[in-house]
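Shown next: model-v1.csv, containing CSV, C-alpha atoms.
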chain,number,residue,atom,x,y,z
A,1,MET,CA,-26.2,-33.5,1.4
A,2,ASN,CA,-24.4,-30.6,-0.4
A,3,LYS,CA,-20.7,-31.2,-1.0
A,4,GLN,CA,-18.5,-28.8,1.0
A,5,LEU,CA,-15.3,-26.9,0.3
A,6,ALA,CA,-13.1,-26.0,3.2
A,7,VAL,CA,-10.6,-23.2,2.6
A,8,ILE,CA,-7.8,-23.1,5.2
A,9,GLY,CA,-6.4,-19.6,5.6
A,10,GLY,CA,-8.2,-16.2,5.4
A,11,GLY,CA,-5.5,-14.2,3.7
A,12,ALA,CA,-5.5,-12.9,0.1
A,13,ALA,CA,-5.3,-16.3,-1.6
A,14,GLY,CA,-7.8,-17.9,0.8
A,15,MET,CA,-10.4,-15.2,0.5
A,16,MET,CA,-10.1,-15.2,-3.3
A,17,ALA,CA,-10.5,-19.0,-3.5
A,18,ALA,CA,-13.6,-18.9,-1.2
A,19,ILE,CA,-15.2,-16.1,-3.2
A,20,CYS,CA,-14.6,-17.8,-6.6
A,21,ALA,CA,-15.9,-21.2,-5.4
A,22,ALA,CA,-18.9,-19.6,-3.8
A,23,ARG,CA,-19.7,-17.7,-6.9
A,24,LYS,CA,-20.1,-21.1,-8.6
A,25,GLY,CA,-22.7,-22.1,-6.1
A,26,THR,CA,-20.4,-24.2,-3.8
A,27,ALA,CA,-21.0,-24.3,-0.1
A,28,VAL,CA,-17.7,-22.9,1.4
A,29,THR,CA,-16.3,-22.9,5.0
A,30,LEU,CA,-13.4,-20.6,5.6
A,31,LEU,CA,-11.2,-21.4,8.5
A,32,GLU,CA,-9.1,-18.6,10.0
A,33,PRO,CA,-7.8,-18.4,13.6
A,34,ASN,CA,-7.0,-14.6,13.6
A,35,GLU,CA,-9.6,-12.2,14.8
A,36,ARG,CA,-9.5,-10.4,11.4
A,37,LEU,CA,-9.3,-11.7,7.9
A,38,GLY,CA,-6.4,-10.5,5.7
A,39,LYS,CA,-4.1,-9.6,8.6
A,40,LYS,CA,-1.0,-9.7,6.4
A,41,LEU,CA,-2.9,-8.1,3.5
A,42,ASN,CA,-3.6,-5.1,5.7
A,43,ILE,CA,0.1,-4.3,6.3
A,44,THR,CA,1.3,-4.7,2.7
A,45,GLY,CA,2.6,-1.7,0.9
A,46,LYS,CA,3.2,0.0,4.3
A,47,GLY,CA,-0.6,-0.2,5.0
A,48,ARG,CA,-1.5,1.1,1.5
A,49,CYS,CA,-1.8,-2.4,-0.1
A,50,ASN,CA,0.0,-2.7,-3.5
A,51,VAL,CA,-2.9,-4.7,-4.9
A,52,THR,CA,-1.3,-5.9,-8.1
A,53,ASN,CA,0.7,-4.6,-11.1
A,54,ASP,CA,-1.0,-3.2,-14.2
A,55,ALA,CA,0.6,-5.9,-16.4
A,56,ALA,CA,-0.4,-8.7,-18.7
A,57,CYS,CA,0.7,-12.4,-18.4
A,58,GLU,CA,4.2,-12.3,-19.9
A,59,GLU,CA,5.3,-9.2,-18.0
A,60,LEU,CA,4.0,-10.8,-14.8
A,61,LEU,CA,6.0,-13.9,-15.5
A,62,ALA,CA,9.1,-11.9,-16.1
A,63,ASN,CA,8.9,-10.7,-12.5
A,64,VAL,CA,8.6,-14.1,-10.9
A,65,PRO,CA,12.2,-15.5,-10.7
A,66,GLN,CA,11.2,-18.7,-8.8
A,67,ASN,CA,9.2,-21.2,-10.9
A,68,GLY,CA,7.5,-18.4,-12.9
A,69,ARG,CA,6.4,-20.7,-15.8
A,70,PHE,CA,4.3,-22.7,-13.4
A,71,LEU,CA,2.0,-19.6,-13.2
A,72,TYR,CA,1.5,-19.3,-17.0
A,73,SER,CA,-1.9,-20.8,-17.0
A,74,ALA,CA,-3.1,-18.9,-13.9
A,75,PHE,CA,-1.8,-15.5,-15.2
A,76,SER,CA,-3.2,-16.2,-18.7
A,77,ARG,CA,-6.7,-16.4,-17.2
A,78,PHE,CA,-6.3,-13.7,-14.6
A,79,ASP,CA,-3.6,-11.1,-15.0
A,80,GLY,CA,-3.1,-7.7,-13.3
A,81,ARG,CA,-5.8,-6.1,-15.3
A,82,GLY,CA,-8.2,-8.9,-14.4
A,83,THR,CA,-7.4,-8.2,-10.7
A,84,MET,CA,-8.1,-4.5,-11.2
A,85,ALA,CA,-11.5,-5.2,-12.8
A,86,PHE,CA,-12.3,-7.6,-9.9
A,87,PHE,CA,-11.7,-5.0,-7.2
A,88,GLU,CA,-13.3,-2.2,-9.1
A,89,GLU,CA,-16.5,-4.4,-9.3
A,90,LEU,CA,-16.3,-4.7,-5.5
A,91,SER,CA,-16.3,-0.8,-5.3
A,92,VAL,CA,-12.6,-0.4,-4.6
A,93,PRO,CA,-11.4,2.5,-6.9
A,94,LEU,CA,-7.8,1.9,-7.9
A,95,LYS,CA,-4.9,4.1,-9.1
A,96,VAL,CA,-1.6,3.2,-10.9
A,97,GLU,CA,1.7,4.6,-9.7
A,98,ARG,CA,5.4,4.5,-10.6
A,99,GLY,CA,6.4,1.0,-11.9
A,100,ARG,CA,2.7,0.4,-12.7
A,101,ARG,CA,2.1,-0.5,-9.1
A,102,VAL,CA,-1.7,-0.5,-8.3
A,103,PHE,CA,-3.1,0.9,-5.1
A,104,PRO,CA,-6.5,1.7,-3.8
A,105,VAL,CA,-7.3,5.4,-4.4
A,106,SER,CA,-7.9,5.7,-0.6
A,107,ASP,CA,-4.3,4.4,0.2
A,108,ARG,CA,-6.0,2.2,2.7
A,109,ALA,CA,-5.3,-1.6,2.7
A,110,PHE,CA,-8.3,-2.0,5.0
A,111,ASP,CA,-10.6,-1.0,2.1
A,112,VAL,CA,-9.3,-4.0,0.1
A,113,SER,CA,-9.8,-6.5,2.9
A,114,ALA,CA,-13.2,-5.0,3.8
A,115,ALA,CA,-14.4,-5.4,0.2
A,116,LEU,CA,-13.4,-9.1,0.2
A,117,GLU,CA,-15.2,-9.6,3.6
A,118,ARG,CA,-18.4,-8.0,2.2
A,119,GLU,CA,-18.3,-10.3,-0.8
A,120,LEU,CA,-17.8,-13.3,1.4
A,121,ARG,CA,-20.8,-12.3,3.5
A,122,ARG,CA,-22.9,-11.7,0.4
A,123,LEU,CA,-22.1,-15.2,-0.9
A,124,ARG,CA,-22.8,-16.7,2.5
A,125,VAL,CA,-19.4,-18.2,3.0
A,126,THR,CA,-19.3,-19.7,6.5
A,127,LEU,CA,-16.4,-18.2,8.5
A,128,VAL,CA,-15.1,-20.3,11.4
A,129,ARG,CA,-12.5,-18.9,13.9
A,130,ASP,CA,-10.4,-22.0,14.3
A,131,ARG,CA,-6.9,-23.2,13.6
A,132,ALA,CA,-6.7,-26.2,11.2
A,133,VAL,CA,-4.6,-29.0,12.5
A,134,CYS,CA,-4.7,-31.5,9.6
A,135,VAL,CA,-6.6,-32.4,6.4
A,136,LEU,CA,-8.5,-35.6,6.9
A,137,THR,CA,-8.5,-38.2,4.1
A,138,ASP,CA,-10.2,-41.6,3.4
A,139,GLU,CA,-8.7,-45.0,2.7
A,140,ALA,CA,-8.0,-44.0,-0.9
A,141,GLY,CA,-6.2,-40.8,0.1
A,142,ALA,CA,-9.1,-38.4,-1.0
A,143,VAL,CA,-10.0,-35.4,1.1
A,144,ARG,CA,-12.9,-35.9,3.5
A,145,GLY,CA,-12.6,-33.0,5.9
A,146,VAL,CA,-10.5,-30.7,8.2
A,147,LYS,CA,-9.7,-31.2,11.8
A,148,GLY,CA,-9.3,-28.0,13.8
A,149,GLU,CA,-8.4,-27.2,17.3
A,150,LYS,CA,-12.1,-26.6,18.2
A,151,GLY,CA,-13.9,-29.1,15.9
A,152,THR,CA,-14.0,-31.2,12.8
A,153,TYR,CA,-15.4,-29.9,9.5
A,154,PRO,CA,-16.6,-32.3,6.8
A,155,ALA,CA,-15.4,-31.4,3.3
A,156,GLN,CA,-14.9,-33.2,0.0
A,157,ALA,CA,-12.3,-30.6,-1.2
A,158,VAL,CA,-9.8,-28.4,0.7
A,159,VAL,CA,-7.9,-25.4,-0.5
A,160,LEU,CA,-4.7,-24.9,1.6
A,161,ALA,CA,-3.9,-21.2,1.6
A,162,THR,CA,-2.0,-20.7,4.8
A,163,GLY,CA,0.8,-18.5,3.5
A,164,GLY,CA,4.6,-18.9,4.1
A,165,VAL,CA,6.6,-18.4,7.3
A,166,SER,CA,7.4,-14.7,7.1
A,167,TYR,CA,5.5,-12.2,9.3
A,168,ARG,CA,4.6,-15.0,11.8
A,169,GLY,CA,2.6,-12.5,13.8
A,170,THR,CA,0.0,-12.5,11.0
A,171,GLY,CA,-0.5,-16.3,11.4
A,172,SER,CA,2.0,-17.5,8.7
A,173,THR,CA,3.6,-20.2,10.9
A,174,GLY,CA,4.3,-22.9,8.3
A,175,GLU,CA,1.4,-25.1,9.5
A,176,GLY,CA,0.2,-25.4,5.9
A,177,HIS,CA,3.5,-26.8,4.8
A,178,ARG,CA,3.3,-29.4,7.6
A,179,MET,CA,-0.2,-30.4,6.6
A,180,ALA,CA,0.9,-30.7,2.9
A,181,ALA,CA,3.9,-32.9,3.9
A,182,MET,CA,1.6,-35.1,5.9
A,183,LEU,CA,-0.3,-35.7,2.7
A,184,GLY,CA,2.8,-36.8,0.8
A,185,HIS,CA,3.9,-33.4,-0.6
A,186,THR,CA,7.5,-32.3,-0.9
A,187,VAL,CA,8.2,-28.9,0.7
A,188,THR,CA,11.3,-27.2,-0.6
A,189,PRO,CA,13.6,-25.2,1.8
A,190,LEU,CA,11.9,-22.1,3.3
A,191,THR,CA,14.0,-19.0,3.2
A,192,GLY,CA,13.3,-15.3,3.1
A,193,SER,CA,12.9,-13.2,0.0
A,194,LEU,CA,12.4,-9.4,-0.2
A,195,VAL,CA,14.5,-9.4,3.0
A,196,PRO,CA,17.1,-7.0,4.5
A,197,LEU,CA,20.7,-8.0,4.2
A,198,ARG,CA,23.5,-8.4,6.7
A,199,ALA,CA,26.6,-6.6,5.5
A,200,ASP,CA,30.0,-5.5,6.6
A,201,GLY,CA,30.9,-1.9,7.4
A,202,CYS,CA,27.5,-0.4,7.9
A,203,ALA,CA,27.0,-0.1,11.6
A,204,GLU,CA,28.6,3.4,11.8
A,205,LEU,CA,26.0,4.5,9.1
A,206,GLN,CA,23.0,3.2,11.1
A,207,GLY,CA,19.9,5.3,10.5
A,208,LEU,CA,21.2,6.9,7.3
A,209,SER,CA,18.6,6.9,4.5
A,210,LEU,CA,19.8,7.5,0.9
A,211,ARG,CA,17.2,8.5,-1.7
A,212,ASN,CA,17.8,8.3,-5.4
A,213,VAL,CA,20.8,6.1,-5.5
A,214,GLY,CA,21.8,3.5,-8.0
A,215,LEU,CA,22.4,-0.1,-6.9
A,216,THR,CA,24.2,-3.0,-8.7
A,217,VAL,CA,24.3,-6.6,-7.4
A,218,TYR,CA,27.4,-8.7,-8.2
A,219,GLU,CA,27.3,-12.5,-7.8
A,220,ASN,CA,30.8,-13.9,-7.8
A,221,GLY,CA,32.0,-10.7,-9.4
A,222,LYS,CA,29.4,-10.8,-12.2
A,223,LYS,CA,26.7,-8.1,-12.5
A,224,ILE,CA,23.3,-9.7,-12.2
A,225,TYR,CA,20.9,-6.8,-11.3
A,226,THR,CA,20.7,-3.0,-11.2
A,227,ASP,CA,18.0,-0.7,-9.8
A,228,PHE,CA,17.5,2.8,-8.5
A,229,GLY,CA,15.7,4.1,-5.4
A,230,GLU,CA,15.9,4.3,-1.6
A,231,LEU,CA,18.3,2.5,0.7
A,232,LEU,CA,18.6,2.5,4.5
A,233,PHE,CA,21.7,1.6,6.6
A,234,THR,CA,21.0,-0.4,9.7
A,235,HIS,CA,23.0,-1.8,12.7
A,236,PHE,CA,23.2,-5.2,10.9
A,237,GLY,CA,23.6,-4.0,7.3
A,238,VAL,CA,21.2,-2.5,4.7
A,239,SER,CA,17.5,-2.4,4.1
A,240,GLY,CA,14.9,-0.2,2.3
A,241,PRO,CA,12.9,-0.8,-0.9
A,242,LEU,CA,16.1,-1.0,-3.1
A,243,VAL,CA,17.6,-3.7,-0.9
A,244,LEU,CA,14.4,-5.7,-0.6
A,245,SER,CA,14.0,-5.8,-4.3
A,246,SER,CA,17.7,-6.8,-4.9
A,247,SER,CA,17.5,-9.6,-2.3
A,248,ALA,CA,15.2,-11.6,-4.5
A,249,HIS,CA,18.1,-12.0,-6.9
A,250,MET,CA,20.5,-13.4,-4.3
A,251,ARG,CA,19.4,-17.0,-3.9
A,252,HIS,CA,22.7,-19.0,-3.5
A,253,PHE,CA,24.5,-17.8,-0.4
A,254,ASP,CA,25.6,-21.3,0.3
A,255,LYS,CA,27.6,-21.4,-3.0
A,256,LYS,CA,28.2,-17.9,-4.1
A,257,SER,CA,29.3,-14.5,-2.8
A,258,TYR,CA,27.4,-11.2,-3.2
A,259,ARG,CA,28.5,-7.6,-3.3
A,260,LEU,CA,26.4,-4.4,-3.7
A,261,GLU,CA,27.8,-1.4,-5.4
A,262,LEU,CA,26.1,2.0,-4.8
A,263,ASP,CA,26.2,4.9,-7.2
A,264,LEU,CA,25.8,7.8,-4.8
A,265,LYS,CA,25.5,10.3,-7.7
A,266,PRO,CA,23.6,8.5,-10.5
A,267,ALA,CA,22.4,11.8,-12.1
A,268,LEU,CA,26.1,12.6,-12.9
A,269,ASP,CA,28.4,10.7,-15.2
A,270,GLU,CA,32.1,10.5,-14.4
A,271,GLN,CA,32.9,13.7,-16.3
A,272,GLN,CA,30.1,15.7,-14.8
A,273,LEU,CA,31.0,14.5,-11.3
A,274,ASP,CA,34.5,15.6,-11.8
A,275,LYS,CA,33.3,19.1,-12.7
A,276,ARG,CA,31.2,19.1,-9.6
A,277,LEU,CA,34.1,18.1,-7.4
A,278,LEU,CA,36.3,20.8,-9.0
A,279,SER,CA,33.6,23.4,-8.3
A,280,ASP,CA,33.1,22.3,-4.7
A,281,PHE,CA,36.9,22.2,-4.1
A,282,GLN,CA,37.4,25.7,-5.5
A,283,LYS,CA,34.7,27.0,-3.0
A,284,HIS,CA,36.5,25.2,-0.1
A,285,ALA,CA,40.1,25.6,-1.4
A,286,ASN,CA,41.5,26.5,2.0
A,287,SER,CA,39.4,24.0,4.0
A,288,ASP,CA,40.5,20.6,5.3
A,289,PHE,CA,39.3,17.8,3.0
A,290,CYS,CA,37.0,16.4,5.7
A,291,ASN,CA,35.2,19.8,5.9
A,292,ALA,CA,34.7,20.2,2.1
A,293,LEU,CA,32.2,17.5,1.4
A,294,GLY,CA,29.1,19.0,3.1
A,295,GLU,CA,27.4,20.0,-0.1
A,296,LEU,CA,28.1,16.7,-1.8
A,297,LEU,CA,27.2,14.1,0.8
A,298,PRO,CA,25.0,13.6,3.9
A,299,GLN,CA,26.9,14.5,7.1
A,300,LYS,CA,26.7,11.0,8.4
A,301,LEU,CA,28.4,9.6,5.3
A,302,ILE,CA,31.3,12.0,5.3
A,303,PRO,CA,33.6,10.2,7.8
A,304,ALA,CA,33.2,6.9,6.0
A,305,ALA,CA,33.8,8.5,2.7
A,306,VAL,CA,37.0,10.2,3.9
A,307,GLU,CA,38.2,7.0,5.5
A,308,ARG,CA,37.5,4.9,2.3
A,309,SER,CA,39.1,7.5,0.0
A,310,GLY,CA,42.5,7.1,1.9
A,311,ILE,CA,42.9,10.9,1.6
A,312,PRO,CA,44.2,12.4,4.9
A,313,PRO,CA,41.2,14.2,6.5
A,314,HIS,CA,43.1,17.4,7.3
A,315,GLU,CA,44.9,17.7,4.0
A,316,LYS,CA,44.0,21.1,2.5
A,317,VAL,CA,41.7,20.9,-0.4
A,318,HIS,CA,44.0,23.1,-2.6
A,319,ASP,CA,46.7,20.5,-2.1
A,320,LEU,CA,44.7,17.5,-3.4
A,321,THR,CA,46.1,15.9,-6.6
A,322,ARG,CA,44.2,14.9,-9.7
A,323,GLU,CA,44.7,11.2,-8.7
A,324,GLN,CA,43.1,11.8,-5.3
A,325,ARG,CA,40.2,13.5,-6.9
A,326,ALA,CA,39.8,10.5,-9.3
A,327,THR,CA,39.9,8.1,-6.3
A,328,LEU,CA,37.1,10.1,-4.6
A,329,ARG,CA,35.1,10.2,-7.9
A,330,THR,CA,35.4,6.4,-8.3
A,331,LEU,CA,34.4,5.9,-4.6
A,332,LEU,CA,31.2,7.9,-5.1
A,333,LYS,CA,30.2,6.0,-8.2
A,334,HIS,CA,31.1,2.6,-6.9
A,335,TRP,CA,30.6,2.5,-3.2
A,336,SER,CA,31.1,-1.2,-2.3
A,337,ILE,CA,29.2,-3.3,0.3
A,338,ASP,CA,30.1,-6.9,1.0
A,339,VAL,CA,26.9,-8.9,1.8
A,340,LEU,CA,27.2,-11.6,4.4
A,341,SER,CA,23.8,-13.1,4.3
A,342,PRO,CA,20.1,-12.4,4.2
A,343,MET,CA,18.4,-11.7,7.5
A,344,PRO,CA,16.3,-14.6,8.8
A,345,VAL,CA,13.0,-15.5,7.1
A,346,GLU,CA,11.1,-13.9,10.1
A,347,ASN,CA,12.4,-10.6,8.8
A,348,ALA,CA,11.3,-11.2,5.2
A,349,ILE,CA,8.3,-9.8,3.4
A,350,ILE,CA,7.6,-13.1,1.6
A,351,THR,CA,8.8,-16.7,1.8
A,352,SER,CA,10.8,-18.4,-0.9
A,353,GLY,CA,10.2,-22.1,-1.1
A,354,GLY,CA,7.1,-24.1,-0.4
A,355,VAL,CA,5.1,-27.0,-1.8
A,356,LYS,CA,7.0,-28.3,-4.9
A,357,VAL,CA,5.3,-27.1,-8.1
A,358,GLY,CA,5.9,-30.4,-9.9
A,359,GLU,CA,3.4,-31.9,-7.5
A,360,ILE,CA,0.6,-29.4,-8.3
A,361,ASP,CA,-1.5,-29.1,-11.5
A,362,PRO,CA,-0.6,-25.6,-12.9
A,363,LYS,CA,-4.1,-25.2,-14.5
A,364,THR,CA,-6.2,-26.1,-11.4
A,365,MET,CA,-3.7,-25.8,-8.5
A,366,ALA,CA,-4.9,-29.4,-7.6
A,367,SER,CA,-2.6,-31.7,-5.7
A,368,LYS,CA,-1.2,-34.6,-7.7
A,369,LYS,CA,-1.0,-36.6,-4.5
A,370,ALA,CA,-4.4,-36.2,-2.7
A,371,PRO,CA,-7.7,-36.0,-4.7
A,372,GLY,CA,-9.7,-33.0,-3.6
A,373,LEU,CA,-6.7,-31.0,-2.3
A,374,TYR,CA,-5.8,-27.6,-3.8
A,375,PHE,CA,-3.1,-25.0,-3.1
A,376,ALA,CA,-3.1,-21.2,-3.4
A,377,GLY,CA,-0.7,-18.4,-2.6
A,378,GLU,CA,2.5,-18.2,-0.8
A,379,ILE,CA,2.4,-21.9,0.4
A,380,ILE,CA,3.5,-22.8,-3.2
A,381,ASP,CA,7.1,-22.6,-4.2
A,382,VAL,CA,6.8,-19.4,-6.2
A,383,ASP,CA,7.8,-15.9,-5.3
A,384,ALA,CA,8.2,-12.6,-7.1
A,385,TYR,CA,9.9,-9.2,-7.0
A,386,THR,CA,8.3,-6.2,-5.3
A,387,GLY,CA,5.6,-4.2,-7.2
A,388,GLY,CA,2.4,-6.0,-6.6
A,389,PHE,CA,3.5,-9.3,-8.2
A,390,ASN,CA,3.3,-11.5,-5.1
A,391,LEU,CA,-0.2,-10.4,-4.3
A,392,GLN,CA,-1.1,-11.1,-8.0
A,393,ILE,CA,0.2,-14.7,-7.4
A,394,ALA,CA,-2.2,-14.9,-4.5
A,395,TRP,CA,-5.2,-13.6,-6.5
A,396,ALA,CA,-4.5,-15.7,-9.6
A,397,THR,CA,-3.8,-19.0,-7.8
A,398,GLY,CA,-6.6,-18.4,-5.4
A,399,LYS,CA,-9.1,-17.9,-8.3
A,400,ALA,CA,-7.7,-21.0,-10.1
A,401,ALA,CA,-8.0,-23.2,-7.0
A,402,GLY,CA,-11.4,-22.0,-5.9
A,403,GLU,CA,-13.0,-22.4,-9.3
A,404,ALA,CA,-11.3,-25.8,-9.9
A,405,ALA,CA,-12.4,-27.1,-6.5
A,406,ALA,CA,-16.0,-26.0,-7.3
A,407,GLU,CA,-15.9,-27.9,-10.6
A,408,TYR,CA,-14.4,-31.0,-8.8
A,409,LEU,CA,-17.3,-31.0,-6.3
A,410,LYS,CA,-19.9,-30.8,-9.1

Translate the structure of the given file into structure tokens.
Amino acid sequence: MNKQLAVIGGGAAGMMAAICAARKGTAVTLLEPNERLGKKLNITGKGRCNVTNDAACEELLANVPQNGRFLYSAFSRFDGRGTMAFFEELSVPLKVERGRRVFPVSDRAFDVSAALERELRRLRVTLVRDRAVCVLTDEAGAVRGVKGEKGTYPAQAVVLATGGVSYRGTGSTGEGHRMAAMLGHTVTPLTGSLVPLRADGCAELQGLSLRNVGLTVYENGKKIYTDFGELLFTHFGVSGPLVLSSSAHMRHFDKKSYRLELDLKPALDEQQLDKRLLSDFQKHANSDFCNALGELLPQKLIPAAVERSGIPPHEKVHDLTREQRATLRTLLKHWSIDVLSPMPVENAIITSGGVKVGEIDPKTMASKKAPGLYFAGEIIDVDAYTGGFNLQIAWATGKAAGEAAAEYLK
């Protein structure tokens, strides 16, 4: 009887593992309870799918703050350019955008998942619509199959690629972590990364979106990260691409305090901003201060700016002192936001934490606890910044696990 590989999870990592194993002639069964494969993949990049980043190994590693070196072998063998070649061979034309982010030319995530599904069918991978309950092992602890809700599937190797615990509606419910723990693996605490932030003093600005602002993150008063882009104020705090990226750098809320500082006018240095203020104030010399900021700031931000400046709202602009102007200038270049906490993991794009990397072979993604067990994707305790890096982790670890499982079965 042919030896079988069971892949649990039909997301990015699971589909890649199944394809790579099947290409080596292995009989593969892919278990996925959702009606569609790649449910989370289809919503990434706002439905456009940021497939990968056009980067080689070292640059990829620099964008993985959590256990990046564990991925050295996987990225060395399959980097961002390898992923691009893989998808172009599957007839998915790609394009490179700002920050070397890679997207399908069509801007449709469904084109990526459809190409993977076509390849799975071509390779005759067996797709089973079932939810895995546990990995079965023999007396020696080696893999012998998968038990699902609807049936039992014999297998001499299993790839666990069930994702994290963010976006639970896509099927990422933490079941894979539970199965790994049953087989003796350590699962590190699961928290959100690339997640909105709860913050003080933002409720009155709810709905305000700021484009082209600078952001600096301070940890216990020390600058740890800077970026530039778009930010959104919400009823609970702040969100938007800029905030999601910065959240990946805030990992110690239990021990440290975090503060964001916005530069609302990053195109102007202090001297240029002062000239701009003088120019605006000359135009509105006879106006109340609160009515003189319309050309400088969005309307919704003006009341908060007036309040924070400490300048009386109805003081005439021609009466403002140099010191008051300096206070306003400093406020616009250093708008401070105290962060309370990240939003819960359910609100996160990806999960930080997972199966402990010290218990996984970095070359093969094989378990060091259970012979025949492999891991791929977000279930592992690795996570990266935005820009296609997290999907690249899925592709590279999926490929490593699928190929190694196929070799193991030979």

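Of the residues listed (A:Val64, A:Leu127, A:Ile350, A:Val146), A:Leu127 shows the shortest atom-to-atom separation from Leu31 (chain A); distances use all atoms listed in the file.
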
Selection near Ala370 (chain A), 8 Å with only C-alpha atoms, sequence-local residues under 6 positions removed, as a PyMOL selection string: chain A and resi 141-143+183

File dump, residues just selected, C-alpha atoms, as an mmCIF file, keeping the file's coordinate frame:
data_model
loop_
_atom_site.group_PDB
_atom_site.id
_atom_site.type_symbol
_atom_site.label_atom_id
_atom_site.label_comp_id
_atom_site.auth_asym_id
_atom_site.auth_seq_id
_atom_site.Cartn_x
_atom_site.Cartn_y
_atom_site.Cartn_z
ATOM 1 C CA GLY A 141 -6.200 -40.800 0.100
ATOM 2 C CA ALA A 142 -9.100 -38.400 -1.000
ATOM 3 C CA VAL A 143 -10.000 -35.400 1.100
ATOM 4 C CA LEU A 183 -0.300 -35.700 2.700
#

Counting only C-alpha atoms, figure out which residue out of A:Arg108, A:His318, A:Lys3, A:His235 gets nearest to Ala155 (chain A).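 Between A:Arg108, A:His318, A:Lys3, A:His235, the residue approaching Ala155 (chain A) most closely is A:Lys3.
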
Do you know which residues are at most 10 Å from Gln299 (chain A) counting only C-alpha atoms, after dropping those on the same chain fewer than 6 positions away, and could you put them as a ChimeraX atom specification? /A:208,291,293

Of the residues A:Arg48, A:Ala248, A:Ala401, A:Lys316, which is the one nearest to Gly372 (chain A), using all atoms listed in the file? A:Ala401

Can you work out the spacing between CA of Val125 (chain A) and CA of Met365 (chain A) in Å, to one decimal?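 Taking CA of Val125 (chain A) as the start and CA of Met365 (chain A) as the end point, the length is 20.9 Å.
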
Of the candidates A:Ser209, A:Asn53, A:Asn63, A:Thr137, which shows the shortest atom-to-atom distance to Arg81 (chain A), using only C-alpha atoms?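 Counting only C-alpha atoms, the residue closest to Arg81 (chain A) is A:Asn53.
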
At a cut-off of 6 Å, using all atoms listed in the file, what residues contact Gly402 (chain A)? Leave out same-chain residues fewer than 6 positions from it and give the result as a ChimeraX atom specification. /A:17,20-21

Figure out the distance between CA of Ala366 (chain A) and CA of Gly14 (chain A), please, to one decimal in Å.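 Value for the CA of Gly14 (chain A)-CA of Ala366 (chain A) distance: 14.5 Å.
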
Can you pull out the residues contacting region 333-338 of chain A? Cut-off 12 Å, using all atoms listed in the file, and skip same-chain residues under 2 positions away; I want them as number ranges by chain. A: 197-203, 213-221, 233, 237-238, 243, 257-274, 301, 304-305, 308-309, 326-331, 340-342

Kindly save the residues from that selection, with C-alpha atoms included, as a compact mmCIF listing (two decimals), keeping the file's coordinate frame.
# COMPACT_ATOMS: atom_id res chain seq x y z
CA LEU A 197 20.70 -8.00 4.20
CA ARG A 198 23.50 -8.40 6.70
CA ALA A 199 26.60 -6.60 5.50
CA ASP A 200 30.00 -5.50 6.60
CA GLY A 201 30.90 -1.90 7.40
CA CYS A 202 27.50 -0.40 7.90
CA ALA A 203 27.00 -0.10 11.60
CA VAL A 213 20.80 6.10 -5.50
CA GLY A 214 21.80 3.50 -8.00
CA LEU A 215 22.40 -0.10 -6.90
CA THR A 216 24.20 -3.00 -8.70
CA VAL A 217 24.30 -6.60 -7.40
CA TYR A 218 27.40 -8.70 -8.20
CA GLU A 219 27.30 -12.50 -7.80
CA ASN A 220 30.80 -13.90 -7.80
CA GLY A 221 32.00 -10.70 -9.40
CA PHE A 233 21.70 1.60 6.60
CA GLY A 237 23.60 -4.00 7.30
CA VAL A 238 21.20 -2.50 4.70
CA VAL A 243 17.60 -3.70 -0.90
CA SER A 257 29.30 -14.50 -2.80
CA TYR A 258 27.40 -11.20 -3.20
CA ARG A 259 28.50 -7.60 -3.30
CA LEU A 260 26.40 -4.40 -3.70
CA GLU A 261 27.80 -1.40 -5.40
CA LEU A 262 26.10 2.00 -4.80
CA ASP A 263 26.20 4.90 -7.20
CA LEU A 264 25.80 7.80 -4.80
CA LYS A 265 25.50 10.30 -7.70
CA PRO A 266 23.60 8.50 -10.50
CA ALA A 267 22.40 11.80 -12.10
CA LEU A 268 26.10 12.60 -12.90
CA ASP A 269 28.40 10.70 -15.20
CA GLU A 270 32.10 10.50 -14.40
CA GLN A 271 32.90 13.70 -16.30
CA GLN A 272 30.10 15.70 -14.80
CA LEU A 273 31.00 14.50 -11.30
CA ASP A 274 34.50 15.60 -11.80
CA LEU A 301 28.40 9.60 5.30
CA ALA A 304 33.20 6.90 6.00
CA ALA A 305 33.80 8.50 2.70
CA ARG A 308 37.50 4.90 2.30
CA SER A 309 39.10 7.50 0.00
CA ALA A 326 39.80 10.50 -9.30
CA THR A 327 39.90 8.10 -6.30
CA LEU A 328 37.10 10.10 -4.60
CA ARG A 329 35.10 10.20 -7.90
CA THR A 330 35.40 6.40 -8.30
CA LEU A 331 34.40 5.90 -4.60
CA LEU A 340 27.20 -11.60 4.40
CA SER A 341 23.80 -13.10 4.30
CA PRO A 342 20.10 -12.40 4.20

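Between CA of Cys134 (chain A) and CA of Glu346 (chain A) there is a distance of 23.7 Å.
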
Proximity to Ala396 (chain A) - best of A:Ile360, A:Leu136, A:Ala376, A:Ile19, only C-alpha atoms: A:Ala376

Distance criterion (only C-alpha atoms): nearest to Pro33 (chain A) out of A:Arg129, A:His185, A:Arg77, A:Lys95: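 Once distances to Pro33 (chain A) are computed over only C-alpha atoms, the minimum belongs to A:Arg129.
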
Give me, as a ChimeraX atom specification, all polymer residues having an atom no more than 10 Å from region 173-181 of chain A, counting all atoms listed in the file and skipping those fewer than 4 positions away in the same chain. /A:8-9,131-136,160-169,185-188,190,346,354-355,367,369-370,373-375,379-380
